[in-house]
$ cat target-v7.tsv   # TSV, C-alpha atoms
chain	number	residue	atom	x	y	z
A	1	MET	CA	-190.36	-53.73	106.48
A	2	TRP	CA	-189.52	-51.45	103.60
A	3	VAL	CA	-185.89	-52.27	103.91
A	4	ASN	CA	-186.70	-55.97	103.75
A	5	LEU	CA	-188.71	-55.44	100.60
A	6	PHE	CA	-185.81	-53.68	98.94
A	7	VAL	CA	-183.37	-56.29	100.14
A	8	ALA	CA	-185.50	-59.01	98.59
A	9	LEU	CA	-185.54	-57.11	95.31
A	10	ILE	CA	-181.81	-56.61	95.16
A	11	LEU	CA	-180.76	-59.91	96.67
A	12	GLU	CA	-180.79	-61.73	93.33
A	13	ASN	CA	-177.17	-61.11	92.46
A	14	LYS	CA	-175.57	-59.68	95.58
A	15	SER	CA	-174.74	-60.79	99.07
A	16	LYS	CA	-177.15	-59.86	101.85
A	17	LYS	CA	-174.88	-57.33	103.50
A	18	GLU	CA	-174.30	-55.41	100.28
A	19	ALA	CA	-178.00	-55.43	99.50
A	20	GLU	CA	-178.84	-54.02	102.92
A	21	ALA	CA	-176.29	-51.25	102.61
A	22	PHE	CA	-177.64	-50.34	99.20
A	23	ALA	CA	-181.24	-50.31	100.43
A	24	HIS	CA	-180.44	-48.01	103.35
A	25	ALA	CA	-178.50	-45.63	101.13
A	26	PHE	CA	-181.26	-45.63	98.52
A	27	ILE	CA	-184.02	-44.88	101.00
A	28	ALA	CA	-182.01	-42.12	102.61
A	29	GLY	CA	-181.37	-40.66	99.16
A	30	SER	CA	-185.00	-40.79	98.08
A	31	MET	CA	-186.27	-39.14	101.26
A	32	LYS	CA	-184.05	-36.09	101.38
A	33	GLY	CA	-186.99	-33.78	102.18
A	34	THR	CA	-187.55	-35.29	105.62
A	35	ARG	CA	-185.34	-34.87	108.64
A	36	ALA	CA	-182.11	-36.83	108.60
A	37	GLY	CA	-182.31	-40.12	110.47
A	38	SER	CA	-186.10	-40.09	110.72
A	39	ALA	CA	-186.65	-41.76	107.36
A	40	GLU	CA	-186.98	-45.21	108.90
A	41	GLU	CA	-189.47	-44.06	111.51
A	42	THR	CA	-191.69	-42.37	108.97
A	43	LEU	CA	-191.66	-45.45	106.82
A	44	ALA	CA	-192.51	-47.71	109.73
A	45	ARG	CA	-195.63	-45.74	110.69
A	46	LYS	CA	-197.47	-44.76	107.56
A	47	ALA	CA	-197.63	-45.21	103.85
A	48	VAL	CA	-195.35	-42.80	102.01
A	49	VAL	CA	-195.14	-42.24	98.29
A	50	LEU	CA	-191.49	-42.40	97.35
A	51	GLU	CA	-190.66	-39.56	95.02
A	52	TYR	CA	-187.76	-37.43	94.04
A	53	SER	CA	-187.31	-34.18	95.92
A	54	ARG	CA	-184.54	-31.78	95.21
A	55	GLU	CA	-182.18	-30.74	97.97
A	56	LYS	CA	-183.15	-27.52	99.68
A	57	GLN	CA	-179.94	-26.32	101.27
A	58	LEU	CA	-178.22	-25.58	97.97
A	59	GLY	CA	-181.19	-23.52	96.91
A	60	ARG	CA	-180.29	-20.00	97.75
A	61	SER	CA	-176.82	-19.81	96.28
A	62	ARG	CA	-178.02	-21.61	93.18
A	63	ARG	CA	-181.08	-19.46	92.57
A	64	ARG	CA	-179.13	-16.26	92.30
A	65	SER	CA	-177.07	-17.30	89.33
A	66	SER	CA	-179.04	-20.33	88.25
A	67	LYS	CA	-180.29	-19.12	84.90
A	68	ARG	CA	-176.90	-18.43	83.41
A	69	ARG	CA	-174.89	-21.16	85.04
A	70	SER	CA	-177.19	-24.15	84.99
A	71	GLN	CA	-177.68	-24.04	81.25
A	72	CYS	CA	-174.08	-23.94	80.14
A	73	GLY	CA	-172.89	-26.42	82.76
A	74	LYS	CA	-169.92	-24.47	83.98
A	75	PRO	CA	-167.76	-26.46	86.36
A	76	LEU	CA	-167.85	-25.51	90.01
A	77	SER	CA	-165.38	-22.87	91.08
A	78	ALA	CA	-162.88	-23.58	93.85
A	79	GLY	CA	-164.92	-21.63	96.37
A	80	GLU	CA	-168.08	-23.52	95.54
A	81	LYS	CA	-166.23	-26.82	95.84
A	82	ARG	CA	-165.04	-25.84	99.28
A	83	ARG	CA	-168.49	-24.75	100.35
A	84	LEU	CA	-170.27	-27.87	99.12
A	85	LYS	CA	-167.49	-30.17	100.43
A	86	VAL	CA	-167.41	-31.96	97.09
A	87	PHE	CA	-164.46	-34.23	97.76
A	88	ASP	CA	-164.76	-34.81	101.52
A	89	ILE	CA	-165.30	-38.40	102.57
A	90	LYS	CA	-167.99	-38.72	105.20
A	91	PRO	CA	-167.00	-40.39	108.46
A	92	GLU	CA	-169.37	-43.33	107.96
A	93	HIS	CA	-167.56	-44.26	104.73
A	94	GLN	CA	-164.12	-44.28	106.31
A	95	ARG	CA	-163.99	-48.04	106.73
A	96	TYR	CA	-161.05	-50.17	105.70
A	97	GLU	CA	-163.05	-53.06	104.26
A	98	LEU	CA	-164.92	-50.76	101.88
A	99	PHE	CA	-161.65	-50.06	100.12
A	100	LEU	CA	-160.33	-53.61	99.80
A	101	PRO	CA	-162.01	-54.11	96.37
A	102	LEU	CA	-160.34	-50.90	95.23
A	103	HIS	CA	-156.99	-52.31	96.25
A	104	ASP	CA	-157.65	-55.50	94.27
A	105	LEU	CA	-158.51	-53.41	91.25
A	106	TRP	CA	-155.31	-51.43	91.68
A	107	LYS	CA	-153.21	-54.61	91.80
A	108	GLN	CA	-154.67	-55.72	88.48
A	109	TYR	CA	-153.99	-52.29	87.02
A	110	ILE	CA	-150.35	-52.28	88.10
A	111	MET	CA	-149.88	-55.82	86.76
A	112	SER	CA	-151.21	-54.76	83.38
A	113	ILE	CA	-148.96	-51.69	83.30
A	114	CYS	CA	-145.77	-53.59	84.15
A	115	ASN	CA	-146.60	-56.51	81.81
A	116	GLY	CA	-146.95	-59.06	84.57
A	117	LEU	CA	-144.00	-57.88	86.72
A	118	ARG	CA	-141.72	-60.88	86.51
A	119	PRO	CA	-138.72	-60.98	88.86
A	120	GLY	CA	-136.43	-60.62	85.83
A	121	SER	CA	-137.76	-57.25	84.73
A	122	SER	CA	-135.39	-54.36	85.30
A	123	PRO	CA	-136.20	-52.08	88.23
A	124	GLN	CA	-135.53	-48.90	86.23
A	125	LEU	CA	-138.19	-49.77	83.70
A	126	VAL	CA	-140.76	-50.60	86.35
A	127	GLN	CA	-140.03	-47.38	88.22
A	128	GLN	CA	-140.42	-45.38	85.03
A	129	LYS	CA	-143.86	-46.90	84.65
A	130	LEU	CA	-144.74	-46.35	88.31
A	131	LEU	CA	-143.89	-42.64	88.06
A	132	LYS	CA	-146.72	-42.11	85.58
A	133	ALA	CA	-149.06	-44.61	87.21
A	134	ASP	CA	-151.99	-43.90	89.48
A	135	PHE	CA	-151.62	-44.65	93.18
A	136	HIS	CA	-155.23	-44.44	94.34
A	137	GLY	CA	-155.91	-47.77	95.98
A	138	ALA	CA	-152.30	-48.68	96.70
A	139	ILE	CA	-151.13	-49.73	100.15
A	140	LEU	CA	-148.58	-47.16	101.28
A	141	THR	CA	-146.24	-47.28	104.27
A	142	VAL	CA	-144.37	-44.32	105.65
A	143	VAL	CA	-140.75	-45.44	105.87
A	144	ARG	CA	-138.94	-42.28	106.85
A	145	SER	CA	-140.18	-38.88	107.86
A	146	LYS	CA	-138.99	-35.76	109.58
A	147	CYS	CA	-141.87	-36.17	111.99
A	148	PRO	CA	-141.33	-39.48	113.78
A	149	SER	CA	-144.98	-40.07	114.61
A	150	TYR	CA	-145.82	-40.61	110.92
A	151	VAL	CA	-143.29	-43.43	110.54
A	152	GLY	CA	-144.85	-46.85	110.27
A	153	THR	CA	-148.31	-45.71	109.25
A	154	THR	CA	-149.76	-48.17	106.75
A	155	GLY	CA	-152.96	-47.79	104.80
A	156	ILE	CA	-154.80	-47.71	101.51
A	157	LEU	CA	-154.30	-44.46	99.63
A	158	VAL	CA	-157.71	-42.93	99.10
A	159	GLN	CA	-157.04	-39.44	97.83
A	160	GLU	CA	-153.93	-37.77	96.52
A	161	PHE	CA	-153.66	-34.00	96.59
A	162	LYS	CA	-150.84	-31.64	95.79
A	163	HIS	CA	-149.15	-31.72	99.17
A	164	ILE	CA	-151.02	-34.47	100.93
A	165	PHE	CA	-151.75	-38.20	100.88
A	166	LYS	CA	-154.95	-39.37	102.58
A	167	LEU	CA	-154.62	-42.93	103.86
A	168	ILE	CA	-157.15	-45.23	105.49
A	169	THR	CA	-155.54	-47.42	108.12
A	170	LYS	CA	-156.68	-50.82	109.28
A	171	GLU	CA	-158.14	-49.19	112.41
A	172	ASP	CA	-160.61	-47.28	110.15
A	173	ARG	CA	-158.87	-43.96	110.71
A	174	LEU	CA	-158.35	-41.43	107.94
A	175	LYS	CA	-154.76	-40.22	108.15
A	176	VAL	CA	-153.59	-37.07	106.41
A	177	ILE	CA	-149.88	-37.22	105.71
A	178	PRO	CA	-147.89	-34.43	104.05
A	179	LYS	CA	-145.71	-35.50	101.14
A	180	ASN	CA	-142.93	-33.12	101.98
A	181	ASN	CA	-140.04	-34.54	104.04
A	182	SER	CA	-141.23	-38.12	104.09
A	183	VAL	CA	-140.49	-41.31	102.16
A	184	PHE	CA	-143.20	-43.82	101.28
A	185	ALA	CA	-142.93	-47.47	100.28
A	186	VAL	CA	-145.25	-49.16	97.80
A	187	GLU	CA	-145.34	-52.93	97.73
A	188	VAL	CA	-146.43	-54.71	94.56
A	189	ASN	CA	-146.17	-58.50	94.62
A	190	GLY	CA	-142.94	-58.51	96.62
A	191	PHE	CA	-141.48	-55.62	94.63
A	192	VAL	CA	-140.94	-52.71	97.04
A	193	SER	CA	-140.54	-49.25	95.57
A	194	HIS	CA	-139.80	-46.06	97.48
A	195	ILE	CA	-141.46	-42.74	96.77
A	196	TYR	CA	-139.63	-39.60	97.82
A	197	GLY	CA	-142.50	-37.36	98.80
A	198	SER	CA	-140.54	-34.12	98.46
A	199	LYS	CA	-140.01	-34.83	94.75
A	200	PHE	CA	-143.59	-35.91	94.31
A	201	GLU	CA	-145.37	-32.71	95.21
A	202	TYR	CA	-147.69	-32.49	92.24
A	203	ARG	CA	-151.38	-33.05	91.83
A	204	ALA	CA	-152.37	-36.57	90.83
A	205	SER	CA	-153.46	-35.34	87.44
A	206	GLU	CA	-150.40	-33.21	86.78
A	207	ARG	CA	-148.02	-36.07	87.29
A	208	SER	CA	-148.96	-37.92	84.10
A	209	ALA	CA	-148.01	-34.91	81.98
A	210	LYS	CA	-144.87	-34.09	83.95
A	211	LYS	CA	-141.32	-34.86	82.89
A	212	PHE	CA	-139.19	-36.02	85.78
A	213	LYS	CA	-135.49	-35.20	85.75
A	214	VAL	CA	-132.74	-37.21	87.38
A	215	LYS	CA	-131.41	-35.03	90.13
A	216	GLY	CA	-129.66	-35.78	93.38
A	217	SER	CA	-131.27	-34.71	96.61
A	218	ILE	CA	-129.49	-33.63	99.74
A	219	ASP	CA	-132.08	-33.77	102.46
A	220	LEU	CA	-133.05	-36.86	104.47
B	1	MET	CA	-152.41	-48.85	65.16
B	2	ALA	CA	-153.14	-50.35	68.54
B	3	GLY	CA	-149.57	-51.62	68.75
B	4	ASN	CA	-147.86	-48.25	69.10
B	5	LEU	CA	-150.46	-46.13	70.79
B	6	LYS	CA	-148.83	-42.90	71.91
B	7	ASP	CA	-150.11	-42.35	75.43
B	8	LYS	CA	-150.85	-45.92	76.35
B	9	GLU	CA	-150.12	-45.46	80.05
B	10	ALA	CA	-152.32	-42.40	80.23
B	11	TYR	CA	-155.18	-44.29	78.63
B	12	GLN	CA	-154.67	-47.15	81.07
B	13	ARG	CA	-154.75	-44.66	83.89
B	14	LEU	CA	-157.99	-43.13	82.65
B	15	ASN	CA	-159.45	-46.60	82.39
B	16	TYR	CA	-158.38	-47.45	85.91
B	17	LEU	CA	-159.79	-44.23	87.35
B	18	HIS	CA	-163.15	-44.80	85.67
B	19	GLN	CA	-163.28	-48.33	87.02
B	20	ALA	CA	-162.23	-47.15	90.47
B	21	ALA	CA	-165.07	-44.64	90.56
B	22	HIS	CA	-167.52	-47.41	89.66
B	23	CYS	CA	-165.96	-49.71	92.26
B	24	VAL	CA	-166.28	-47.15	95.04
B	25	LEU	CA	-169.89	-46.42	94.16
B	26	ALA	CA	-170.68	-50.13	94.08
B	27	GLN	CA	-169.41	-50.53	97.65
B	28	ASN	CA	-171.67	-47.85	99.03
B	29	THR	CA	-173.97	-45.82	96.84
B	30	SER	CA	-173.90	-42.77	99.07
B	31	ASN	CA	-170.13	-42.45	98.86
B	32	ASP	CA	-170.32	-40.18	95.85
B	33	ALA	CA	-167.60	-37.82	97.05
B	34	LEU	CA	-164.79	-40.25	96.36
B	35	ALA	CA	-166.22	-41.36	93.02
B	36	ARG	CA	-166.46	-37.72	92.08
B	37	PHE	CA	-162.84	-37.17	93.05
B	38	TYR	CA	-161.69	-40.01	90.79
B	39	SER	CA	-163.81	-38.78	87.91
B	40	PHE	CA	-162.45	-35.29	88.43
B	41	THR	CA	-158.87	-36.60	88.28
B	42	GLN	CA	-159.74	-38.55	85.16
B	43	ARG	CA	-161.09	-35.46	83.49
B	44	THR	CA	-158.14	-33.26	84.37
B	45	ILE	CA	-155.69	-35.86	83.05
B	46	ALA	CA	-157.59	-36.06	79.77
B	47	LYS	CA	-157.60	-32.27	79.61
B	48	ARG	CA	-153.88	-31.90	80.26
B	49	LEU	CA	-152.75	-34.54	77.79
B	50	VAL	CA	-155.45	-33.56	75.26
B	51	LEU	CA	-156.89	-37.06	75.01
B	52	ARG	CA	-160.36	-37.55	73.60
B	53	GLN	CA	-162.67	-39.73	75.59
B	54	ASP	CA	-165.33	-41.92	74.09
B	55	PRO	CA	-168.85	-40.43	74.15
B	56	SER	CA	-170.06	-43.40	76.19
B	57	VAL	CA	-167.66	-42.37	78.95
B	58	LYS	CA	-168.22	-38.66	78.55
B	59	ARG	CA	-171.97	-39.01	78.82
B	60	THR	CA	-171.76	-40.70	82.20
B	61	LEU	CA	-169.93	-37.76	83.80
B	62	CYS	CA	-171.66	-34.64	85.06
B	63	LYS	CA	-170.29	-31.54	83.36
B	64	LYS	CA	-170.69	-29.40	86.43
B	65	CYS	CA	-169.69	-31.44	89.45
B	66	CYS	CA	-167.85	-34.35	87.73
B	67	SER	CA	-169.89	-37.06	89.43
B	68	LEU	CA	-170.65	-40.39	87.79
B	69	LEU	CA	-174.19	-40.44	86.42
B	70	ILE	CA	-175.82	-43.80	87.01
B	71	PRO	CA	-179.59	-43.71	86.41
B	72	GLY	CA	-181.46	-44.45	89.62
B	73	VAL	CA	-178.45	-44.04	91.89
B	74	THR	CA	-176.85	-40.68	91.20
B	75	ALA	CA	-179.07	-39.45	88.39
B	76	THR	CA	-182.64	-39.50	87.20
B	77	CYS	CA	-183.47	-40.39	83.63
B	78	ARG	CA	-186.68	-38.98	82.11
B	79	GLN	CA	-188.32	-38.68	78.73
B	80	ARG	CA	-189.33	-35.13	77.78
B	81	ARG	CA	-191.18	-33.86	74.76
B	82	LYS	CA	-190.74	-30.69	72.79
B	83	GLY	CA	-193.25	-30.08	70.07
B	84	ARG	CA	-195.17	-33.04	68.72
B	85	ARG	CA	-192.50	-35.37	67.49
B	86	THR	CA	-189.19	-34.57	69.11
B	87	ARG	CA	-188.45	-36.35	72.34
B	88	PHE	CA	-185.43	-36.06	74.57
B	89	THR	CA	-183.85	-38.24	77.18
B	90	VAL	CA	-183.07	-35.92	80.07
B	91	VAL	CA	-180.48	-37.04	82.63
B	92	ARG	CA	-180.36	-34.98	85.79
B	93	CYS	CA	-177.51	-35.17	88.28
B	94	LEU	CA	-178.90	-35.65	91.79
B	95	SER	CA	-176.10	-33.85	93.59
B	96	CYS	CA	-175.95	-30.58	91.64
B	97	GLY	CA	-179.10	-30.60	89.50
B	98	GLN	CA	-177.29	-30.21	86.19
B	99	THR	CA	-179.16	-31.74	83.25
B	100	LYS	CA	-177.99	-33.34	80.04
B	101	SER	CA	-180.46	-33.95	77.26
B	102	PHE	CA	-180.07	-36.27	74.32
B	103	LEU	CA	-182.32	-36.19	71.28
B	104	ASN	CA	-184.01	-39.52	70.63
B	105	ASP	CA	-183.14	-40.05	67.01
B	106	PRO	CA	-183.00	-43.66	65.84
B	107	GLY	CA	-181.15	-42.67	62.67
B	108	HIS	CA	-178.41	-40.82	64.54
B	109	CYS	CA	-174.93	-42.26	64.34
B	110	LEU	CA	-171.97	-41.05	66.36
B	111	TRP	CA	-168.89	-39.91	64.47
B	112	VAL	CA	-166.85	-42.65	66.13
B	113	ASP	CA	-169.16	-45.34	64.76
B	114	LYS	CA	-169.03	-44.05	61.21
B	115	PRO	CA	-166.74	-45.92	58.84
B	116	GLU	CA	-164.78	-42.83	57.75
B	117	ALA	CA	-163.72	-42.11	61.33
B	118	GLN	CA	-161.41	-45.15	61.23
B	119	LEU	CA	-157.89	-44.32	60.16
B	120	GLU	CA	-157.62	-46.92	57.39
B	121	ASN	CA	-160.78	-45.69	55.66
B	122	GLN	CA	-159.60	-42.11	55.34
B	123	VAL	CA	-158.24	-40.56	52.15
B	124	GLN	CA	-154.67	-41.74	51.64
B	125	PRO	CA	-152.14	-39.00	52.43
B	126	GLY	CA	-150.11	-39.91	49.30
B	127	GLU	CA	-153.00	-39.13	46.98
B	128	ARG	CA	-153.71	-35.88	48.69
B	129	SER	CA	-150.10	-34.60	48.44
B	130	TYR	CA	-150.09	-35.53	44.76
B	131	LEU	CA	-153.20	-33.41	44.25
B	132	ILE	CA	-151.63	-30.48	46.11
B	133	ILE	CA	-148.50	-30.67	43.93
B	134	LEU	CA	-150.66	-30.78	40.80
B	135	SER	CA	-152.65	-27.73	41.81
B	136	SER	CA	-149.47	-25.80	42.73
B	137	VAL	CA	-147.99	-26.64	39.32
B	138	ILE	CA	-151.11	-25.30	37.64
B	139	THR	CA	-151.01	-22.03	39.59
B	140	ALA	CA	-147.28	-21.66	38.90
B	141	SER	CA	-147.80	-22.08	35.17
B	142	ARG	CA	-150.60	-19.53	35.30
B	143	GLU	CA	-148.31	-17.02	37.00
B	144	VAL	CA	-145.61	-17.61	34.40
B	145	GLY	CA	-148.20	-17.04	31.67
B	146	ALA	CA	-149.29	-13.80	33.32
B	147	ALA	CA	-145.69	-12.61	33.59
B	148	GLU	CA	-145.08	-13.35	29.92
B	149	ALA	CA	-148.24	-11.46	28.99
B	150	SER	CA	-147.10	-8.42	30.99
B	151	LEU	CA	-143.66	-8.54	29.26
B	152	CYS	CA	-145.27	-8.42	25.86

$ encode --input "target-v7.tsv" --output "structure tokens"
Amino acid sequence: MWVNLFVALILENKSKKEAEAFAHAFIAGSMKGTRAGSAEETLARKAVVLEYSREKQLGRSRRRSSKRRSQCGKPLSAGEKRRLKVFDIKPEHQRYELFLPLHDLWKQYIMSICNGLRPGSSPQLVQQKLLKADFHGAILTVVRSKCPSYVGTTGILVQEFKHIFKLITKEDRLKVIPKNNSVFAVEVNGFVSHIYGSKFEYRASERSAKKFKVKGSIDL
Amino acid sequence: MAGNLKDKEAYQRLNYLHQAAHCVLAQNTSNDALARFYSFTQRTIAKRLVLRQDPSVKRTLCKKCCSLLIPGVTATCRQRRKGRRTRFTVVRCLSCGQTKSFLNDPGHCLWVDKPEAQLENQVQPGERSYLIILSSVITASREVGAAEASLC
């Protein structure tokens, strides 16, 4: 019943499926104090005042150093990031269709970078641009690899780390593929470009400040 | 000025990453991990290339955990009072609890919006160098005068 109410409120400018997903996520977020999964049951039985409750499980580690840290807004340290699983995608979000809009956005972005990408434009220029571009949201295919089981994997790139690409395949699986010793292909509007993963082992943010040198490679 | 922007690609990349974070959050509001990752990448790029981001962008990112702050979805927005007159808008990040507070001052104007922040409205560099030369000439003549006085 509650869900329906929310859906009716949101439905004005969205499709029904989106509205339902939003309502479920919102209710789960507003009822963090209760047990996970029981939010719907509680709502079905009795009247509940929806209010904001802070998460409990972070409490202890935060309380110890809260006074100093919370005021100045220091960024999380690497250990804290690992503990809180800041960047991990939950299994229920690993769905291919959730990332299709991201891919559309990426196509627009690449078009704007390469000034429309006409067939006449020189490949060197486009590749220079692609080196500094962002690949989150691109569809990558593993063309060659030292490990044969990676070859042929196709998916939308979700996260790029220093040594790893995380792809989401059409079968809704999250694949973790090391950059070293493999070659990837990016396809933009019929223009296929290859990425040599061994030469690409930087963080996504480091790459835009990096100068690439022309150097021959021996392996593969 | 806009024609030969120095780091145009980097700015485009920042723009894309910000949009991507919004896009991911719009698909499913509880998928804040990925949006946070994109915002984090955006921030590190800006840090490495020393690019300044607009306050409107900077104020929608959490300083501590880098998540996008959207009131009602990933952040709460409240009015707080301190003393009799002064009121603040307090934005609290729902994932880490970090707060940002902005003073409600109708007369406040950001530096970016001020007319002298624009490049064409600044003092012309030619004028300034002329002034510097003039002042150096004056000091030089003073020194010469002092030297002459010491000779006598």

$ atom_distance --input "target-v7.tsv" --atom1 "CA of Ile70 in chain B" --atom2 "CA of Arg92 in chain B"
10.0 Å

$ closest_residue --input "target-v7.tsv" --among "B:Val50, B:Leu34, B:Val73, B:Cys62" --to "Leu157 in chain A" --atoms "only C-alpha atoms"
B:Leu34

$ atom_distance --input "target-v7.tsv" --atom1 "CA of Leu103 in chain B" --atom2 "CA of Thr86 in chain B"
7.4 Å

$ atom_distance --input "target-v7.tsv" --atom1 "CA of Thr29 in chain B" --atom2 "CA of Ala25 in chain A"
6.2 Å

$ interface_residues --input "target-v7.tsv" --of "chain B" --to "chain A" --cutoff "10 Å" --atoms "all atoms listed in the file" --output "VMD selection string"
chain B and resid 7 to 10 12 to 17 19 to 24 26 to 38 40 to 49 62 to 67 72 to 74 76 94 to 100

$ residues_around --input "target-v7.tsv" --residues "Arg80 in chain B" --least-positions-apart "5" --cutoff "10 Å" --atoms "all atoms listed in the file" --output "PyMOL selection string"
chain B and resi 86-90+101-104

$ closest_residue --input "target-v7.tsv" --among "A:Gln128, A:Thr169, A:Ile195, A:Thr153" --to "Lys213 in chain A" --atoms "all atoms listed in the file"
A:Gln128

$ residues_around --input "target-v7.tsv" --residues "Arg144 in chain A" --least-positions-apart "5" --cutoff "7 Å" --atoms "all atoms listed in the file" --output "list in words"
Val151, Ser182 and Val183 of chain A

$ write_last_selection --input "target-v7.tsv" --atoms "C-alpha atoms" --output "PDB file, keeping the file's coordinate frame"
ATOM      1  CA  VAL A 151    -143.290 -43.430 110.540  1.00  0.00           C
ATOM      2  CA  SER A 182    -141.230 -38.120 104.090  1.00  0.00           C
ATOM      3  CA  VAL A 183    -140.490 -41.310 102.160  1.00  0.00           C
TER       4      VAL A 183
END
